[in-house]
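K.L.:
Would you mind keeping the following structure in view while I ask a few things?
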Amino acid sequence: MSATFLTNFLRLALNITGAERGMAADDGLAIVATANLEQADVLSPQFTGIEVIRQALDSGEPIITNNAVSDARRAPVTNTNFSNLRVVVVIPVEDRGAIYLDQHIRKGVFRKEIVDRLWLLGGRVLDSGNTNYSEVELQALYEQMNDAV
């Protein structure tokens, strides 16, 4: 059930943010769904997704960062090809896992208020005790949240 919920939540987050790539991982860091991410991408030493997911799960809060500097202590020595710079967002879903999203920097950054609303939506769904929502139903709940603001 958690994998289905995380997969539907990933699809919703991709649709709302327009992110190019995404991944859903459970709370044990097992990948349960991907979108436009090949296994070679995930296994690449340059891919920081799993590390950022772990940080978001540990903090319990969304993270907005990039694929160049995941640890500020390493920033001065980070060697990155800026033509491959990507904006990264990880939204933890309490006791279930997290959603990873990224896109090329040329496409712009993710708006914090959208990331926060998705995070709140995940919490509200879990608080309701019903994680059987389809992607369409999750979209409707997200829109209701926007109407209430």
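Residue numbering restarts at 1 in every chain; chains get A, B, ... in the order shown in the structure tokens, and ligands count up from 1 in that same order.
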Can you list every residue of range 9-123 of chain A that has an atom at most 9 Å from range 130-144 of chain A, with its nearest atom pair and the distance in Å to one decimal, using only C-alpha atoms, ordered by chain then number, as JSON lines?
P.N.:
```
{"residue": "A:Phe9", "atom": "CA", "partner": "A:Glu135", "partner_atom": "CA", "distance": 6.7}
{"residue": "A:Leu10", "atom": "CA", "partner": "A:Glu135", "partner_atom": "CA", "distance": 8.8}
{"residue": "A:Arg11", "atom": "CA", "partner": "A:Glu135", "partner_atom": "CA", "distance": 6.8}
{"residue": "A:Leu12", "atom": "CA", "partner": "A:Glu135", "partner_atom": "CA", "distance": 5.9}
{"residue": "A:Ile16", "atom": "CA", "partner": "A:Gln139", "partner_atom": "CA", "distance": 8.5}
{"residue": "A:Arg117", "atom": "CA", "partner": "A:Tyr142", "partner_atom": "CA", "distance": 7.6}
{"residue": "A:Leu118", "atom": "CA", "partner": "A:Tyr142", "partner_atom": "CA", "distance": 7.4}
{"residue": "A:Leu121", "atom": "CA", "partner": "A:Tyr142", "partner_atom": "CA", "distance": 6.5}
```
K.L.:
Show which residues sit within 9 Å of range 60-63 of chain A, as a count of residues only. Count only C-alpha atoms, and ignore same-chain residues fewer than 5 positions away.
P.N.:
13
K.L.:
Let me make sure I understand: among A:Phe47, A:Met145, A:Gln39, A:Arg21, which one has the smallest atom-to-atom distance to Arg124 in chain A if we use only C-alpha atoms?
P.N.:
A:Met145
K.L.:
How many Å lie between CA of Thr7 in chain A and CA of Asn36 in chain A, rounded to one decimal?
P.N.:
13.6 Å
K.L.:
Using only C-alpha atoms, which residue out of A:Ile105, A:Ile31, A:Val125, A:Ile50 lies closest to Leu85 in chain A?
P.N.:
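Closest to Leu85 in chain A, using only C-alpha atoms: A:Ile105.
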K.L.:
Would you list the contacts of Asp26 in chain A as a count of residues only, taking every protein, DNA or RNA residue within 8 Å and counting only C-alpha atoms, but skipping same-chain residues closer than 4 positions in sequence?
P.N.:
9
K.L.:
Please run DSSP on the backbone and report, as number ranges by chain, all residues within chain A that come out as strand (DSSP E or B).
P.N.:
A: 21-26, 31-35, 63-66, 86-93, 97-104
K.L.:
Kindly save the residues from that selection, with N, CA, C and O atoms included, as a tab-separated table (two decimals), in the first residue's frame.
P.N.:
```tsv
chain	number	residue	atom	x	y	z
A	21	ARG	N	12.36	14.98	-13.76
A	21	ARG	CA	12.63	13.62	-13.29
A	21	ARG	C	12.12	13.47	-11.86
A	21	ARG	O	12.00	14.45	-11.14
A	22	GLY	N	11.87	12.23	-11.48
A	22	GLY	CA	11.42	12.00	-10.11
A	22	GLY	C	11.64	10.57	-9.68
A	22	GLY	O	11.89	9.67	-10.48
A	23	MET	N	11.52	10.41	-8.37
A	23	MET	CA	11.71	9.09	-7.77
A	23	MET	C	10.97	9.06	-6.44
A	23	MET	O	10.92	10.06	-5.72
A	24	ALA	N	10.39	7.93	-6.14
A	24	ALA	CA	9.78	7.70	-4.83
A	24	ALA	C	10.59	6.61	-4.14
A	24	ALA	O	10.89	5.58	-4.75
A	25	ALA	N	10.93	6.85	-2.88
A	25	ALA	CA	11.67	5.87	-2.09
A	25	ALA	C	10.94	5.66	-0.78
A	25	ALA	O	10.38	6.61	-0.21
A	26	ASP	N	10.93	4.42	-0.31
A	26	ASP	CA	10.28	4.16	0.97
A	26	ASP	C	11.21	4.59	2.11
A	26	ASP	O	12.33	5.05	1.87
A	31	ILE	N	13.90	2.16	-3.67
A	31	ILE	CA	13.22	2.90	-4.72
A	31	ILE	C	11.97	2.12	-5.13
A	31	ILE	O	12.05	0.94	-5.48
A	32	VAL	N	10.81	2.80	-5.06
A	32	VAL	CA	9.54	2.14	-5.40
A	32	VAL	C	8.98	2.61	-6.73
A	32	VAL	O	8.13	1.94	-7.31
A	33	ALA	N	9.44	3.77	-7.23
A	33	ALA	CA	8.97	4.27	-8.53
A	33	ALA	C	9.95	5.33	-9.03
A	33	ALA	O	10.57	6.03	-8.23
A	34	THR	N	10.08	5.42	-10.35
A	34	THR	CA	10.90	6.46	-10.96
A	34	THR	C	10.17	7.04	-12.16
A	34	THR	O	9.27	6.41	-12.71
A	35	ALA	N	10.59	8.23	-12.55
A	35	ALA	CA	10.06	8.88	-13.75
A	35	ALA	C	11.24	9.57	-14.44
A	35	ALA	O	11.87	10.45	-13.86
A	63	ILE	N	13.46	19.51	1.43
A	63	ILE	CA	14.77	20.09	1.12
A	63	ILE	C	14.73	20.58	-0.32
A	63	ILE	O	14.30	19.86	-1.22
A	64	ILE	N	15.17	21.82	-0.52
A	64	ILE	CA	15.35	22.38	-1.85
A	64	ILE	C	16.82	22.70	-1.98
A	64	ILE	O	17.38	23.46	-1.19
A	65	THR	N	17.49	22.08	-2.96
A	65	THR	CA	18.94	22.23	-3.10
A	65	THR	C	19.31	22.09	-4.58
A	65	THR	O	18.49	22.33	-5.45
A	66	ASN	N	20.53	21.68	-4.83
A	66	ASN	CA	20.97	21.41	-6.20
A	66	ASN	C	21.84	20.16	-6.18
A	66	ASN	O	22.15	19.63	-5.12
A	86	ARG	N	21.39	20.86	-11.71
A	86	ARG	CA	19.97	20.55	-11.56
A	86	ARG	C	19.46	21.06	-10.21
A	86	ARG	O	20.17	21.01	-9.22
A	87	VAL	N	18.23	21.54	-10.22
A	87	VAL	CA	17.55	21.92	-8.99
A	87	VAL	C	16.90	20.65	-8.44
A	87	VAL	O	16.29	19.89	-9.19
A	88	VAL	N	17.05	20.44	-7.15
A	88	VAL	CA	16.58	19.21	-6.50
A	88	VAL	C	15.63	19.55	-5.37
A	88	VAL	O	15.88	20.48	-4.60
A	89	VAL	N	14.54	18.79	-5.28
A	89	VAL	CA	13.60	18.90	-4.17
A	89	VAL	C	13.32	17.50	-3.64
A	89	VAL	O	13.14	16.57	-4.42
A	90	VAL	N	13.30	17.39	-2.33
A	90	VAL	CA	12.88	16.14	-1.70
A	90	VAL	C	11.79	16.47	-0.69
A	90	VAL	O	11.96	17.35	0.15
A	91	ILE	N	10.67	15.78	-0.83
A	91	ILE	CA	9.53	15.98	0.07
A	91	ILE	C	9.34	14.70	0.87
A	91	ILE	O	8.97	13.66	0.32
A	92	PRO	N	9.61	14.76	2.18
A	92	PRO	CA	9.40	13.56	2.99
A	92	PRO	C	7.91	13.32	3.22
A	92	PRO	O	7.12	14.26	3.29
A	93	VAL	N	7.55	12.06	3.27
A	93	VAL	CA	6.18	11.65	3.57
A	93	VAL	C	6.28	10.80	4.82
A	93	VAL	O	6.72	9.64	4.77
A	97	GLY	N	8.19	7.42	3.41
A	97	GLY	CA	9.32	7.57	2.51
A	97	GLY	C	9.45	9.01	2.07
A	97	GLY	O	9.16	9.93	2.84
A	98	ALA	N	9.85	9.20	0.82
A	98	ALA	CA	10.05	10.55	0.31
A	98	ALA	C	9.92	10.56	-1.21
A	98	ALA	O	10.09	9.54	-1.87
A	99	ILE	N	9.65	11.75	-1.71
A	99	ILE	CA	9.56	12.00	-3.14
A	99	ILE	C	10.74	12.89	-3.53
A	99	ILE	O	10.97	13.93	-2.93
A	100	TYR	N	11.49	12.46	-4.53
A	100	TYR	CA	12.62	13.20	-5.07
A	100	TYR	C	12.21	13.76	-6.43
A	100	TYR	O	11.62	13.04	-7.25
A	101	LEU	N	12.50	15.04	-6.67
A	101	LEU	CA	12.22	15.69	-7.95
A	101	LEU	C	13.45	16.48	-8.37
A	101	LEU	O	14.13	17.04	-7.51
A	102	ASP	N	13.71	16.54	-9.67
A	102	ASP	CA	14.75	17.45	-10.12
A	102	ASP	C	14.47	17.92	-11.54
A	102	ASP	O	13.62	17.36	-12.24
A	103	GLN	N	15.15	18.99	-11.91
A	103	GLN	CA	15.07	19.54	-13.26
A	103	GLN	C	16.30	20.38	-13.52
A	103	GLN	O	16.95	20.85	-12.58
A	104	HIS	N	16.60	20.56	-14.79
A	104	HIS	CA	17.76	21.38	-15.16
A	104	HIS	C	17.54	22.81	-14.68
A	104	HIS	O	16.43	23.32	-14.74
```
K.L.:
I need the residues in chain A that are alpha helix (DSSP H) according to DSSP; give them as an NGL selection string.
P.N.:
:A and (2-17 or 39-43 or 49-59 or 112-128 or 135-148)
K.L.:
What is the distance, in Å and to one decimal place, between CA of Ala56 in chain A and CA of Ser44 in chain A?
P.N.:
20.3 Å
